[in-house]
Amino acid sequence: MKPGATLVTGGAAVVLAALAGCASEPTIEPFDVPVRYRDVVELFDQGIARTCSLNGGVCHNSNSYPDLHSVNALIATANRPCNAGSIDRNEVNDACEPVADHVVIPSRDIDVRVVWAEVKPEEQNVPYYALSEIRLFVDPPTTFPFAGAMDMEIHRSTGEIFHVGGRGAFVQVSDADKITINLTRVAGDDKRFFDARVFPPGPNRLWVGDQNHNGVEGAARGAMKLMVPGDPEASYLMRRMIDESYGERMPRQCRTWDDRANQALACWIQGLKTDGAGAVTNGLDPIDYDHCTVEVKGLGRCAPVGGVGLAAVEDIFNRSCGGAACHVNQAGPAAGLDLSPGKVREALVGKAATGRSGLDLVVPGDPGTSYLWCKLIGECVERDGARMPSLAPPLPAAELETIRAWIADGAAE
């Protein structure tokens with residue numbers, strides 16, 4: 001855990017595709033993030049949904065994991081393992097690796113964890129029923145060497161015992177940390193159980209402790225849960241917001257997410273209660289800030305939007321536009337318009353639009369004839385294409401006002 005990234009207990013941008021002119025400056029429909037989100041519904045609607053789940057189907061919607069496309073989906077993350085839906089073992093965080101299965105050989109008094117498993121290199125592409133052996137890298141080391149037909153069981157932390165390989169599977173130990181199982185006498189379904197090439201393994205396949213094969217066995221400390229009611233510090237969702245030792249801090253695009261949202265999420269998790277079956281019973285109740293003892297201010301990547309002038313405008317663009325088909329931090333920004341920090345004024349001021357009117361993107365002192373403004377506001381009859389940000393909710397009123405004021409004040413550096 002990195003210093004400064006622990007919980008302290010105590011008390012878009014704009015996708016400008018086709019550019020034309022805007023003749024008027026209509027009223028902005030207000031939308032402001034509250035000082036404190038009242039409940040998880042408000043946190044979801046104004047924080048999660050506006051930041052992530054509506055982002056053109058590329059974020060935490062029903063097509064990815066964890067599924068955060070609704071309030072109920074967020075609540076349903078309680079006590080569920082993290083990274084369980086990953087389809088690439090390299091993307092599994094160490095904290096999310098499962099508790100390893102154990103190989104138990106009663107006749108040899110052997111009980112060891114399976115850290116890693118692999119098939120023979122020359123059998124990487126053969127069907128599972130043609131596999132001839134599986135190599136299990138185990139911990140602690142065994143007493144070696146030995147070989148022979150012997151009873152073998154696979155024990156799982158859930159209490160399940162798998163009698164795979166049949167009685168008298170041929171087992172060989174030539175190195176202290178490796179057990180080789182001869183699969184030539186093993187039935188097809190049992191071979192399927194040992195097919196270490198398949199990921200994710202599913203409930204009826206062998207579970208290894210080092211799923212991402214980076215030398216760190218997450219199973220040594222137990223798999224982390226997405227969300228632990230009452231304990232934000234133990235919740236992977238919260239850790240991904242504030243602690244880089246668990247991976248890149250989320251969200252990748254800040255939009256309406258900031259310290260206030262992180263604080264609300266932490267206090268909501270801390271205040272959750274469950275029934276005897278582990279189901280959340282008060283998820284929709286008001287967030288209890290008065291009794292919240294968690295402070296996460298300054299730990300997230302998304303500081304509150306504030307300030308005035310060009311720096312504030314650049315921050316808004318940088319928060320609201322990232323990823324493919326956008327204008328920030330892209331090798332080939334959309335429409336050739338690079339709005340990355342440090343390049344905004346040069347890209348916009350005095351530069352002609354490419355749409356029907358050919359007006360300037362930003363006319364210093366005049367938001368009403370600046371096509372940038374036309375692309376951002378709710379109504380503009382001269383606009384080509386959709387309002388920006390693309391495939392996302394409109395910018396909040398406070399951010400629109402910051403951009404409007406910068407233009408009106410001369411679009412200065």
# chains A, B, ... in the order shown; residues from 1 in each chain; ligands from 1

$ residues_around --residues "Thr274 in chain A" --least-positions-apart "6" --cutoff "12 Å" --atoms "only C-alpha atoms" --output "list in words"
Ile75, Ala76, Ala78, Asn79, Val228, Pro229, Gly230, Val280, Thr281, Asn282 and Gly283 of chain A

$ atom_distance --atom1 "CA of Lys191 in chain A" --atom2 "CA of Asn214 in chain A"
25.4 Å

$ closest_atom_pairs --of "range 182-285 of chain A" --to "range 298-310 of chain A" --cutoff "12 Å" --atoms "only C-alpha atoms" --output "tab-separated table"
residue	atom	partner	partner_atom	distance
A:Met238	CA	A:Gly300	CA	9.8
A:Arg239	CA	A:Gly300	CA	9.7
A:Arg240	CA	A:Gly300	CA	9.0
A:Met241	CA	A:Gly300	CA	5.7
A:Ile242	CA	A:Gly300	CA	4.6
A:Asp243	CA	A:Leu299	CA	7.3
A:Glu244	CA	A:Gly300	CA	9.4
A:Glu248	CA	A:Arg301	CA	9.5
A:Arg249	CA	A:Arg301	CA	6.5
A:Met250	CA	A:Arg301	CA	7.3
A:Pro251	CA	A:Arg301	CA	7.9
A:Arg252	CA	A:Arg301	CA	8.7
A:Gln253	CA	A:Cys302	CA	8.6
A:Cys254	CA	A:Cys302	CA	5.7
A:Arg255	CA	A:Cys302	CA	8.5
A:Thr256	CA	A:Pro304	CA	8.7
A:Trp257	CA	A:Cys302	CA	6.5
A:Asp258	CA	A:Cys302	CA	4.6
A:Asp259	CA	A:Ala303	CA	5.8
A:Arg260	CA	A:Pro304	CA	7.7
A:Ala261	CA	A:Cys302	CA	9.4
A:Asn262	CA	A:Gly300	CA	7.2
A:Gln263	CA	A:Gly300	CA	9.7
A:Leu265	CA	A:Gly300	CA	11.9
A:Ala266	CA	A:Gly300	CA	11.8

$ select_by_dssp --residues "range 242-312 of chain A" --states "strand (DSSP E or B)" --output "list in words"
Thr274, Val280, Pro286, Val294 and Glu295 of chain A

$ select_by_dssp --residues "range 20-268 of chain A" --states "alpha helix (DSSP H)" --output "VMD selection string"
chain A and resid 40 to 43 71 to 75 188 to 193 236 to 242 259 to 268

$ atom_distance --atom1 "CA of Pro141 in chain A" --atom2 "CA of Ala176 in chain A"
4.8 Å

$ decode --residues "range 123-198 of chain A" --atoms "C-alpha atoms" --output "compact mmCIF listing (two decimals), in the first residue's frame"
# COMPACT_ATOMS: atom_id res chain seq x y z
CA GLU A 123 0.16 -29.50 -25.85
CA GLN A 124 -0.89 -25.84 -25.73
CA ASN A 125 -3.20 -26.24 -28.72
CA VAL A 126 -4.55 -29.75 -28.28
CA PRO A 127 -8.14 -30.35 -27.07
CA TYR A 128 -8.55 -30.94 -23.35
CA TYR A 129 -9.27 -34.65 -23.78
CA ALA A 130 -5.87 -35.13 -25.46
CA LEU A 131 -3.81 -33.65 -22.60
CA SER A 132 -1.22 -36.03 -21.20
CA GLU A 133 -0.11 -34.23 -18.05
CA ILE A 134 -0.57 -31.20 -15.84
CA ARG A 135 2.18 -29.59 -13.80
CA LEU A 136 1.16 -28.01 -10.51
CA PHE A 137 3.52 -25.53 -8.86
CA VAL A 138 2.79 -25.74 -5.17
CA ASP A 139 3.56 -24.20 -1.80
CA PRO A 140 4.82 -25.22 0.68
CA PRO A 141 7.44 -27.46 -0.95
CA THR A 142 6.94 -31.21 -0.68
CA THR A 143 9.29 -33.96 0.41
CA PHE A 144 10.79 -35.34 -2.80
CA PRO A 145 11.32 -37.36 -4.88
CA PHE A 146 8.47 -39.85 -5.13
CA ALA A 147 6.29 -41.28 -7.87
CA GLY A 148 3.46 -43.75 -8.17
CA ALA A 149 -0.25 -44.33 -8.33
CA MET A 150 -1.95 -42.82 -5.30
CA ASP A 151 -5.24 -41.31 -4.18
CA MET A 152 -5.46 -37.56 -4.70
CA GLU A 153 -8.04 -34.92 -3.79
CA ILE A 154 -8.48 -31.23 -4.60
CA HIS A 155 -9.76 -29.22 -1.63
CA ARG A 156 -11.34 -25.78 -2.12
CA SER A 157 -11.65 -23.04 0.51
CA THR A 158 -15.44 -23.24 0.15
CA GLY A 159 -15.33 -26.73 1.64
CA GLU A 160 -15.78 -28.60 -1.64
CA ILE A 161 -13.63 -31.67 -2.29
CA PHE A 162 -13.04 -32.78 -5.87
CA HIS A 163 -12.13 -36.43 -6.41
CA VAL A 164 -10.57 -35.88 -9.83
CA GLY A 165 -8.23 -38.25 -11.57
CA GLY A 166 -9.83 -41.36 -10.13
CA ARG A 167 -8.36 -43.56 -7.45
CA GLY A 168 -4.73 -44.27 -8.11
CA ALA A 169 -3.84 -41.30 -10.32
CA PHE A 170 -0.16 -41.44 -11.27
CA VAL A 171 1.62 -38.63 -9.44
CA GLN A 172 5.29 -37.72 -9.67
CA VAL A 173 7.35 -35.25 -7.64
CA SER A 174 10.81 -34.53 -9.01
CA ASP A 175 11.15 -30.97 -7.69
CA ALA A 176 10.07 -29.81 -4.24
CA ASP A 177 7.68 -27.18 -5.59
CA LYS A 178 6.18 -29.11 -8.54
CA ILE A 179 3.75 -32.01 -8.71
CA THR A 180 3.21 -33.65 -12.10
CA ILE A 181 0.00 -35.59 -12.71
CA ASN A 182 -0.11 -38.09 -15.55
CA LEU A 183 -3.46 -37.58 -17.29
CA THR A 184 -3.29 -40.48 -19.74
CA ARG A 185 -5.31 -42.71 -17.39
CA VAL A 186 -7.69 -39.89 -16.37
CA ALA A 187 -11.26 -39.60 -17.66
CA GLY A 188 -12.15 -36.78 -20.03
CA ASP A 189 -14.21 -34.73 -17.55
CA ASP A 190 -11.39 -34.85 -15.04
CA LYS A 191 -8.94 -33.73 -17.70
CA ARG A 192 -11.24 -30.78 -18.29
CA PHE A 193 -10.94 -29.92 -14.57
CA PHE A 194 -7.15 -29.68 -14.92
CA ASP A 195 -7.10 -27.70 -18.18
CA ALA A 196 -5.14 -24.70 -16.92
CA ARG A 197 -5.34 -22.92 -20.27
CA VAL A 198 -8.98 -21.90 -19.73
